[in-house]
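File shown: my_file06.cif. Contents: mmCIF, C-alpha atoms.
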```cif
data_target
loop_
_atom_site.label_atom_id
_atom_site.label_comp_id
_atom_site.auth_asym_id
_atom_site.auth_seq_id
_atom_site.Cartn_x
_atom_site.Cartn_y
_atom_site.Cartn_z
CA MET A 507 -82.92 143.52 158.95
CA LEU A 508 -81.67 143.89 155.38
CA ASP A 509 -80.47 147.50 155.65
CA ASN A 510 -76.92 147.86 154.28
CA ILE A 511 -76.81 144.14 153.48
CA LYS A 512 -75.22 143.21 150.16
CA ALA A 513 -75.14 139.42 150.62
CA VAL A 514 -77.07 136.76 152.51
CA ILE A 515 -75.28 133.56 153.50
CA PHE A 516 -77.32 130.49 154.39
CA ASP A 517 -76.48 127.34 156.26
CA LEU A 518 -78.14 124.37 154.56
CA ASP A 519 -79.33 121.60 156.89
CA GLY A 520 -81.87 122.76 159.45
CA THR A 521 -81.88 126.26 157.93
CA LEU A 522 -82.83 126.15 154.25
CA ILE A 523 -83.97 122.53 154.21
CA ASP A 524 -85.86 120.27 156.60
CA SER A 525 -83.21 117.57 156.90
CA LEU A 526 -82.01 117.29 160.51
CA TRP A 527 -84.44 114.48 161.21
CA VAL A 528 -82.72 112.46 158.46
CA TRP A 529 -79.26 112.87 159.94
CA LYS A 530 -80.46 112.02 163.43
CA GLN A 531 -82.00 108.84 162.07
CA VAL A 532 -78.81 107.98 160.18
CA ASP A 533 -76.72 108.47 163.34
CA ILE A 534 -79.01 106.16 165.29
CA GLU A 535 -79.14 103.47 162.60
CA TYR A 536 -75.40 103.60 161.94
CA LEU A 537 -74.40 103.28 165.59
CA LYS A 538 -76.97 100.55 166.27
CA LYS A 539 -75.55 98.61 163.35
CA HIS A 540 -72.27 98.67 165.25
CA GLY A 541 -73.95 97.67 168.52
CA ILE A 542 -73.76 101.13 170.04
CA THR A 543 -76.54 103.13 171.72
CA PRO A 544 -76.30 106.79 170.63
CA PRO A 545 -75.63 109.16 173.57
CA PRO A 546 -78.38 111.76 174.11
CA ASP A 547 -75.97 114.68 173.66
CA LEU A 548 -74.45 113.42 170.39
CA GLN A 549 -75.78 116.29 168.26
CA LYS A 550 -74.20 118.91 170.51
CA HIS A 551 -70.80 117.33 169.97
CA ILE A 552 -70.96 117.04 166.20
CA GLU A 553 -72.85 120.19 165.15
CA GLY A 554 -70.81 122.35 162.81
CA LEU A 555 -68.19 119.67 162.15
CA SER A 556 -67.30 118.88 158.57
CA PHE A 557 -68.28 115.55 157.04
CA ILE A 558 -64.72 114.27 157.56
CA ASP A 559 -64.43 115.54 161.12
CA THR A 560 -67.77 113.98 162.04
CA ALA A 561 -66.58 110.63 160.69
CA LEU A 562 -63.35 111.06 162.67
CA TYR A 563 -65.38 111.83 165.81
CA PHE A 564 -67.40 108.63 165.35
CA LYS A 565 -64.29 106.56 164.74
CA GLU A 566 -62.39 107.90 167.74
CA ASN A 567 -65.26 108.12 170.24
CA PHE A 568 -67.17 104.95 169.36
CA GLY A 569 -64.28 102.72 168.33
CA ILE A 570 -65.52 102.23 164.76
CA LYS A 571 -63.09 99.95 162.92
CA ASP A 572 -64.03 101.14 159.43
CA SER A 573 -61.82 103.76 157.78
CA ILE A 574 -62.90 107.40 157.62
CA GLU A 575 -63.61 106.96 153.91
CA GLU A 576 -65.75 103.86 154.56
CA ILE A 577 -67.76 105.65 157.26
CA MET A 578 -68.46 108.62 154.99
CA SER A 579 -69.32 106.37 152.07
CA GLU A 580 -71.87 104.45 154.14
CA TRP A 581 -73.45 107.66 155.45
CA HIS A 582 -73.62 109.02 151.92
CA LYS A 583 -75.45 105.92 150.71
CA MET A 584 -77.87 106.11 153.65
CA VAL A 585 -78.88 109.74 153.01
CA SER A 586 -78.53 110.12 149.24
CA GLU A 587 -82.05 108.93 148.47
CA TYR A 588 -83.52 111.37 150.99
CA TYR A 589 -81.67 114.28 149.36
CA SER A 590 -82.72 113.15 145.90
CA SER A 591 -86.42 112.57 146.50
CA VAL A 592 -87.67 113.37 150.01
CA ILE A 593 -86.17 116.46 151.68
CA GLU A 594 -88.04 119.73 151.18
CA VAL A 595 -87.11 123.37 151.69
CA LYS A 596 -88.58 125.20 154.66
CA LYS A 597 -91.59 127.48 154.40
CA GLY A 598 -90.93 130.78 152.67
CA VAL A 599 -87.49 129.85 151.37
CA LYS A 600 -88.28 130.13 147.66
CA GLU A 601 -90.12 133.42 148.12
CA PHE A 602 -87.27 134.88 150.17
CA LEU A 603 -84.65 133.80 147.64
CA GLU A 604 -86.67 135.39 144.85
CA TYR A 605 -86.96 138.59 146.89
CA LEU A 606 -83.19 138.70 147.44
CA LYS A 607 -82.49 138.10 143.77
CA SER A 608 -84.94 140.78 142.65
CA ASN A 609 -83.25 143.25 145.01
CA ASN A 610 -79.74 142.42 143.74
CA ILE A 611 -78.62 140.90 147.05
CA LYS A 612 -75.99 138.22 146.51
CA ILE A 613 -76.70 134.73 147.88
CA GLY A 614 -74.31 132.04 149.11
CA ILE A 615 -74.20 128.88 151.19
CA ALA A 616 -71.77 127.96 153.99
CA THR A 617 -72.28 124.33 155.00
CA SER A 618 -70.72 121.33 156.69
CA ASN A 619 -72.41 119.03 154.18
CA SER A 620 -70.84 117.72 150.96
CA HIS A 621 -71.06 119.52 147.63
CA GLU A 622 -72.75 116.53 146.03
CA LEU A 623 -75.60 116.36 148.54
CA VAL A 624 -76.01 120.13 148.59
CA GLU A 625 -76.42 120.36 144.83
CA ARG A 626 -78.66 117.31 144.77
CA VAL A 627 -81.21 118.70 147.23
CA LEU A 628 -81.11 122.21 145.77
CA LYS A 629 -81.73 120.86 142.26
CA ARG A 630 -84.58 118.70 143.53
CA ASN A 631 -86.25 121.76 145.03
CA ASN A 632 -85.48 123.97 142.00
CA ILE A 633 -83.48 126.58 143.91
CA LEU A 634 -79.87 125.86 142.90
CA LYS A 635 -80.02 128.75 140.41
CA TYR A 636 -80.25 131.32 143.22
CA PHE A 637 -76.86 130.56 144.77
CA GLU A 638 -73.77 132.22 143.36
CA VAL A 639 -71.40 130.49 145.79
CA ILE A 640 -71.42 127.24 147.78
CA VAL A 641 -68.56 126.63 150.22
CA THR A 642 -68.18 123.59 152.49
CA THR A 643 -66.14 123.36 155.68
CA GLU A 644 -64.04 120.68 153.99
CA GLU A 645 -62.73 123.35 151.62
CA VAL A 646 -61.43 125.57 154.43
CA SER A 647 -60.32 122.83 156.88
CA ASN A 648 -62.09 124.39 159.85
CA SER A 649 -65.36 123.72 161.63
CA LYS A 650 -68.14 126.30 161.75
CA THR A 651 -67.09 127.56 165.17
CA GLU A 652 -64.35 129.36 163.23
CA PRO A 653 -65.00 132.15 160.70
CA HIS A 654 -63.17 130.66 157.72
CA VAL A 655 -66.10 129.15 155.79
CA PHE A 656 -68.14 132.35 156.13
CA LEU A 657 -65.22 134.56 155.15
CA GLU A 658 -64.56 132.41 152.11
CA VAL A 659 -68.16 132.83 150.94
CA ALA A 660 -67.89 136.61 151.38
CA LYS A 661 -64.60 136.64 149.48
CA ARG A 662 -66.06 134.72 146.55
CA LEU A 663 -69.13 136.98 146.52
CA ASN A 664 -66.81 140.01 146.56
CA VAL A 665 -68.45 141.63 149.60
CA GLN A 666 -67.15 142.74 152.99
CA PRO A 667 -68.02 140.63 156.08
CA ASP A 668 -70.00 143.47 157.68
CA GLU A 669 -72.17 143.59 154.55
CA CYS A 670 -73.31 139.98 155.11
CA LEU A 671 -76.34 138.57 156.92
CA VAL A 672 -76.09 134.92 157.94
CA PHE A 673 -78.94 132.50 158.64
CA GLU A 674 -77.88 129.63 160.92
CA ASP A 675 -79.60 126.93 162.97
CA THR A 676 -76.69 126.05 165.28
CA ILE A 677 -74.84 127.82 168.05
CA SER A 678 -71.52 126.73 166.54
CA GLY A 679 -72.44 128.27 163.19
CA ALA A 680 -73.61 131.48 164.86
CA ILE A 681 -70.32 131.72 166.75
CA GLY A 682 -68.30 131.32 163.56
CA ALA A 683 -70.36 133.89 161.66
CA LYS A 684 -70.03 136.37 164.52
CA LYS A 685 -66.25 135.84 164.54
CA ALA A 686 -66.34 136.68 160.84
CA GLY A 687 -67.93 140.04 161.70
CA MET A 688 -71.33 139.22 160.23
CA LYS A 689 -74.88 139.68 161.47
CA VAL A 690 -76.63 136.42 162.38
CA ILE A 691 -80.29 135.42 162.37
CA GLY A 692 -81.10 132.15 164.10
CA VAL A 693 -83.40 129.61 162.48
CA PHE A 694 -84.88 127.32 165.13
CA ASP A 695 -85.36 123.70 164.12
CA GLU A 696 -87.21 121.25 166.35
CA TYR A 697 -84.66 118.55 165.52
CA GLY A 698 -81.72 120.83 166.32
CA SER A 699 -79.31 120.59 169.22
CA CYS A 700 -80.46 123.61 171.22
CA THR A 701 -83.57 125.30 172.56
CA PRO A 702 -84.61 128.81 171.50
CA GLU A 703 -83.55 130.03 174.93
CA GLU A 704 -80.04 128.58 174.49
CA PHE A 705 -79.83 129.98 170.97
CA GLU A 706 -80.98 133.53 171.62
CA ASP A 707 -77.73 134.65 173.29
CA TYR A 708 -75.82 134.02 170.06
CA VAL A 709 -78.06 135.61 167.42
CA GLU A 710 -79.78 138.91 166.81
CA HIS A 711 -83.19 137.36 166.23
CA ILE A 712 -84.75 133.88 165.99
CA ILE A 713 -87.22 132.75 163.33
CA HIS A 714 -88.94 129.41 162.85
CA ASP A 715 -89.26 129.66 159.08
CA PHE A 716 -88.80 132.21 156.31
CA GLU A 717 -92.47 133.10 156.07
CA TYR A 718 -91.78 135.39 159.03
CA ILE A 719 -89.14 137.24 157.00
CA ILE A 720 -91.44 137.47 153.98
CA ASN A 721 -94.34 138.83 156.02
CA ASN A 722 -92.35 141.33 158.06
CA TYR A 723 -89.37 142.50 156.01
CA CYS A 724 -90.07 141.88 152.33
CA LYS A 725 -93.01 144.13 151.55
#
```

Take the structure from the file and write it as structure tokens.
Amino acid sequence: MLDNIKAVIFDLDGTLIDSLWVWKQVDIEYLKKHGITPPPDLQKHIEGLSFIDTALYFKENFGIKDSIEEIMSEWHKMVSEYYSSVIEVKKGVKEFLEYLKSNNIKIGIATSNSHELVERVLKRNNILKYFEVIVTTEEVSNSKTEPHVFLEVAKRLNVQPDECLVFEDTISGAIGAKKAGMKVIGVFDEYGSCTPEEFEDYVEHIIHDFEYIINNYCK
């Protein structure tokens, strides 16, 4: 799995950290506050979108009168405490990061989340030090179905795309990483927008947590 790999790029939410349940709850609470029942397929429509694009989707599709900035500000307030004191990393993450570091494999993050929340949750879990590069979709102005955020991480890490292994929990992210010419491992999350069967056509392998990687590839 790690043969000829010089860099590993991680998605954040649903991949490194157990946070999708928080965002689902925020979506439900936010829409209910505006008198709207969340559609059952909401997550499929917004996965991989940047923070701004998600706010735009809510505004345009649910008729939210607040500005994009007001929507994002309210979401940020709703989730900030979770990222500061509640959300944990998934099993095996710290051990895998230490393994990568000890083997001189570069480590980056490609995420649709905001820099502030990313750094907050990584600091809380004492793993920020492992990441040389963090790039958000807001910085490249494209969603994760396109390769730009992944290519930007590779560029900043000074590695070629085909030297990168990406861990993603969404089909949209897997599509973007594949377009970038990278290998993709799927991380299944029970709160995610797809089943393992739907996911398997887009990735080389599916894991449920990083203990599998530790036990099978890091000895």

Which centre and which edge lengths, in Å to one decimal, describe the axis-aligned box that holds all listed atoms of range 534-553 of chain A after 6 Å is added on each side, as AutoDock Vina command-line options?
```
--center_x -75.0 --center_y 108.9 --center_z 168.0 --size_x 20.3 --size_y 34.5 --size_z 24.2
```

Take the PyMOL selection byres ((chain A and resi 616) around 9), run it mentally on this structure, and tell me the resulting residues as a PyMOL selection string. chain A and resi 515-518+614-615+617-619+639-643+650+655-656+658-659

Taking the file as I've supplied it (selection: the PyMOL selection byres ((chain A and resi 588) around 12)), which residues are included? Please answer as JSON, numbers by chain. {"A": [523, 524, 525, 526, 527, 528, 529, 531, 532, 581, 582, 583, 584, 585, 586, 587, 589, 590, 591, 592, 593, 594, 623, 624, 626, 627, 630]}

Neighbouring residues of range 668-682 of chain A were defined as those with any atom within 8 Å, considering only C-alpha atoms; residues of the same chain fewer than 6 positions away were excluded. Please report them as a PyMOL selection string. chain A and resi 508+510-517+520-521+553-554+650-654+656+660+688-695+698-700+705+708-709

Save the residues we just selected, C-alpha atoms, as a PDB file, keeping the file's coordinate frame?
```
ATOM      1  CA  LEU A 508     -81.670 143.890 155.380  1.00  0.00           C
ATOM      2  CA  ASN A 510     -76.920 147.860 154.280  1.00  0.00           C
ATOM      3  CA  ILE A 511     -76.810 144.140 153.480  1.00  0.00           C
ATOM      4  CA  LYS A 512     -75.220 143.210 150.160  1.00  0.00           C
ATOM      5  CA  ALA A 513     -75.140 139.420 150.620  1.00  0.00           C
ATOM      6  CA  VAL A 514     -77.070 136.760 152.510  1.00  0.00           C
ATOM      7  CA  ILE A 515     -75.280 133.560 153.500  1.00  0.00           C
ATOM      8  CA  PHE A 516     -77.320 130.490 154.390  1.00  0.00           C
ATOM      9  CA  ASP A 517     -76.480 127.340 156.260  1.00  0.00           C
ATOM     10  CA  GLY A 520     -81.870 122.760 159.450  1.00  0.00           C
ATOM     11  CA  THR A 521     -81.880 126.260 157.930  1.00  0.00           C
ATOM     12  CA  GLU A 553     -72.850 120.190 165.150  1.00  0.00           C
ATOM     13  CA  GLY A 554     -70.810 122.350 162.810  1.00  0.00           C
ATOM     14  CA  LYS A 650     -68.140 126.300 161.750  1.00  0.00           C
ATOM     15  CA  THR A 651     -67.090 127.560 165.170  1.00  0.00           C
ATOM     16  CA  GLU A 652     -64.350 129.360 163.230  1.00  0.00           C
ATOM     17  CA  PRO A 653     -65.000 132.150 160.700  1.00  0.00           C
ATOM     18  CA  HIS A 654     -63.170 130.660 157.720  1.00  0.00           C
ATOM     19  CA  PHE A 656     -68.140 132.350 156.130  1.00  0.00           C
ATOM     20  CA  ALA A 660     -67.890 136.610 151.380  1.00  0.00           C
ATOM     21  CA  MET A 688     -71.330 139.220 160.230  1.00  0.00           C
ATOM     22  CA  LYS A 689     -74.880 139.680 161.470  1.00  0.00           C
ATOM     23  CA  VAL A 690     -76.630 136.420 162.380  1.00  0.00           C
ATOM     24  CA  ILE A 691     -80.290 135.420 162.370  1.00  0.00           C
ATOM     25  CA  GLY A 692     -81.100 132.150 164.100  1.00  0.00           C
ATOM     26  CA  VAL A 693     -83.400 129.610 162.480  1.00  0.00           C
ATOM     27  CA  PHE A 694     -84.880 127.320 165.130  1.00  0.00           C
ATOM     28  CA  ASP A 695     -85.360 123.700 164.120  1.00  0.00           C
ATOM     29  CA  GLY A 698     -81.720 120.830 166.320  1.00  0.00           C
ATOM     30  CA  SER A 699     -79.310 120.590 169.220  1.00  0.00           C
ATOM     31  CA  CYS A 700     -80.460 123.610 171.220  1.00  0.00           C
ATOM     32  CA  PHE A 705     -79.830 129.980 170.970  1.00  0.00           C
ATOM     33  CA  TYR A 708     -75.820 134.020 170.060  1.00  0.00           C
ATOM     34  CA  VAL A 709     -78.060 135.610 167.420  1.00  0.00           C
TER      35      VAL A 709
END
```

To one decimal in Å, tell me the separation between CA of Phe637 in chain A and CA of Ile613 in chain A.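 Between CA of Phe637 in chain A and CA of Ile613 in chain A the gap works out to 5.2 Å.
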
May I ask for the distance between CA of Ser556 in chain A and CA of His714 in chain A, given in Å to one decimal place?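 These two atoms are separated by 24.4 Å.
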
Please indicate the distance in Å from CA of His551 in chain A to CA of Gly687 in chain A, rounded to one decimal place. 24.3 Å

(-63.9, 111.3, 160.0) in this file's frame - what residues fall within 9 Å of it? Use only C-alpha atoms and give the answer as a ChimeraX atom specification. /A:556-566,573-575,577-578

Smallest atom-to-atom distance to Thr701 in chain A: which of A:Lys530, A:Arg662, A:Lys550, A:Lys539, using all atoms listed in the file? A:Lys550

Residue among A:Leu522, A:Ile712, A:Ile552, A:Phe568 lying closest to His540 in chain A, counting only C-alpha atoms: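 With only C-alpha atoms as the atom set, the closest residue is A:Phe568.
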
When you look at Tyr718 in chain A with a cut-off of 12 Å (counting all atoms listed in the file), what residues show up, excluding the ones that are within fewer than 3 positions of it in the same chain? I need them as a list in words.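 Result of the neighbour search: Lys596, Lys597, Gly598, Val599, Glu601, Phe602, Ile691, Val693, His711, Ile712, Ile713, His714, Asp715, Asn721, Asn722, Tyr723, Cys724 and Lys725 of chain A.
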
Nearest to Ile633 in chain A by atom-to-atom distance, counting all atoms listed in the file, from A:Lys684, A:Lys661, A:Lys571, A:Lys600: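 Nearest candidate to Ile633 in chain A out of A:Lys684, A:Lys661, A:Lys571, A:Lys600: A:Lys600.
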
For a quick check of understanding, using only C-alpha atoms, which of A:Asn609, A:Asp572, A:Asn632, A:Glu580 has the smallest distance to Glu535 in chain A?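 Nearest candidate to Glu535 in chain A out of A:Asn609, A:Asp572, A:Asn632, A:Glu580: A:Glu580.
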
Dump C-alpha atoms of range 573-661 of chain A from the given block, as a CSV table (one decimal), in the first residue's frame.
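What ended up in part20.csv:
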```
chain,number,residue,atom,x,y,z
A,573,SER,CA,-26.4,36.3,4.0
A,574,ILE,CA,-23.7,33.7,3.2
A,575,GLU,CA,-21.5,35.2,5.8
A,576,GLU,CA,-24.3,35.0,8.4
A,577,ILE,CA,-25.0,31.4,7.6
A,578,MET,CA,-21.3,30.4,7.9
A,579,SER,CA,-20.9,32.4,11.1
A,580,GLU,CA,-23.9,30.6,12.7
A,581,TRP,CA,-22.6,27.2,11.7
A,582,HIS,CA,-19.2,28.1,13.1
A,583,LYS,CA,-20.6,29.0,16.4
A,584,MET,CA,-22.7,25.8,16.5
A,585,VAL,CA,-19.7,23.5,15.9
A,586,SER,CA,-16.8,25.4,17.5
A,587,GLU,CA,-17.3,23.9,20.9
A,588,TYR,CA,-17.4,20.4,19.5
A,589,TYR,CA,-14.1,20.9,17.7
A,590,SER,CA,-12.5,22.4,20.8
A,591,SER,CA,-13.6,19.9,23.4
A,592,VAL,CA,-15.5,16.9,22.1
A,593,ILE,CA,-14.4,15.5,18.7
A,594,GLU,CA,-11.8,12.7,18.8
A,595,VAL,CA,-9.5,11.2,16.1
A,596,LYS,CA,-10.4,7.8,14.8
A,597,LYS,CA,-8.7,4.6,16.0
A,598,GLY,CA,-5.1,4.1,14.9
A,599,VAL,CA,-4.7,7.7,13.6
A,600,LYS,CA,-1.9,8.8,16.0
A,601,GLU,CA,0.0,5.5,15.5
A,602,PHE,CA,-0.3,5.7,11.7
A,603,LEU,CA,0.9,9.4,11.7
A,604,GLU,CA,3.9,8.5,13.9
A,605,TYR,CA,4.7,5.6,11.5
A,606,LEU,CA,4.6,7.9,8.5
A,607,LYS,CA,6.8,10.5,10.2
A,608,SER,CA,9.3,7.9,11.3
A,609,ASN,CA,9.5,6.6,7.7
A,610,ASN,CA,10.0,10.1,6.3
A,611,ILE,CA,6.7,10.1,4.4
A,612,LYS,CA,5.3,13.6,4.1
A,613,ILE,CA,1.8,14.3,5.5
A,614,GLY,CA,-0.8,16.8,4.4
A,615,ILE,CA,-4.5,17.6,4.7
A,616,ALA,CA,-7.0,18.4,1.9
A,617,THR,CA,-10.3,19.5,3.4
A,618,SER,CA,-13.6,21.3,2.8
A,619,ASN,CA,-13.5,22.6,6.4
A,620,SER,CA,-12.1,25.9,7.5
A,621,HIS,CA,-8.5,26.4,8.6
A,622,GLU,CA,-9.7,27.6,12.1
A,623,LEU,CA,-11.7,24.5,12.9
A,624,VAL,CA,-9.0,22.2,11.4
A,625,GLU,CA,-6.3,23.6,13.5
A,626,ARG,CA,-8.5,23.6,16.6
A,627,VAL,CA,-9.4,19.9,16.5
A,628,LEU,CA,-5.9,18.9,15.5
A,629,LYS,CA,-4.4,20.8,18.4
A,630,ARG,CA,-7.0,19.4,20.8
A,631,ASN,CA,-6.0,15.8,19.8
A,632,ASN,CA,-2.2,16.7,19.8
A,633,ILE,CA,-1.6,15.8,16.2
A,634,LEU,CA,-1.2,19.2,14.5
A,635,LYS,CA,2.6,18.8,14.6
A,636,TYR,CA,2.5,15.9,12.0
A,637,PHE,CA,1.0,17.9,9.2
A,638,GLU,CA,3.3,19.9,6.9
A,639,VAL,CA,0.6,21.3,4.8
A,640,ILE,CA,-3.2,22.0,5.2
A,641,VAL,CA,-5.1,23.2,2.2
A,642,THR,CA,-8.9,23.9,2.1
A,643,THR,CA,-11.2,23.9,-0.9
A,644,GLU,CA,-11.8,27.6,-0.3
A,645,GLU,CA,-8.1,28.3,-1.2
A,646,VAL,CA,-8.5,26.7,-4.6
A,647,SER,CA,-12.0,27.7,-5.4
A,648,ASN,CA,-13.1,24.2,-6.5
A,649,SER,CA,-15.0,21.4,-4.8
A,650,LYS,CA,-13.4,18.1,-4.0
A,651,THR,CA,-14.9,16.5,-7.2
A,652,GLU,CA,-12.1,18.4,-8.9
A,653,PRO,CA,-8.3,17.7,-8.4
A,654,HIS,CA,-7.2,21.2,-7.5
A,655,VAL,CA,-7.1,20.9,-3.7
A,656,PHE,CA,-5.2,17.6,-3.9
A,657,LEU,CA,-2.7,18.9,-6.5
A,658,GLU,CA,-2.1,22.0,-4.3
A,659,VAL,CA,-1.2,19.8,-1.3
A,660,ALA,CA,1.2,17.8,-3.5
A,661,LYS,CA,2.7,21.0,-4.9
```
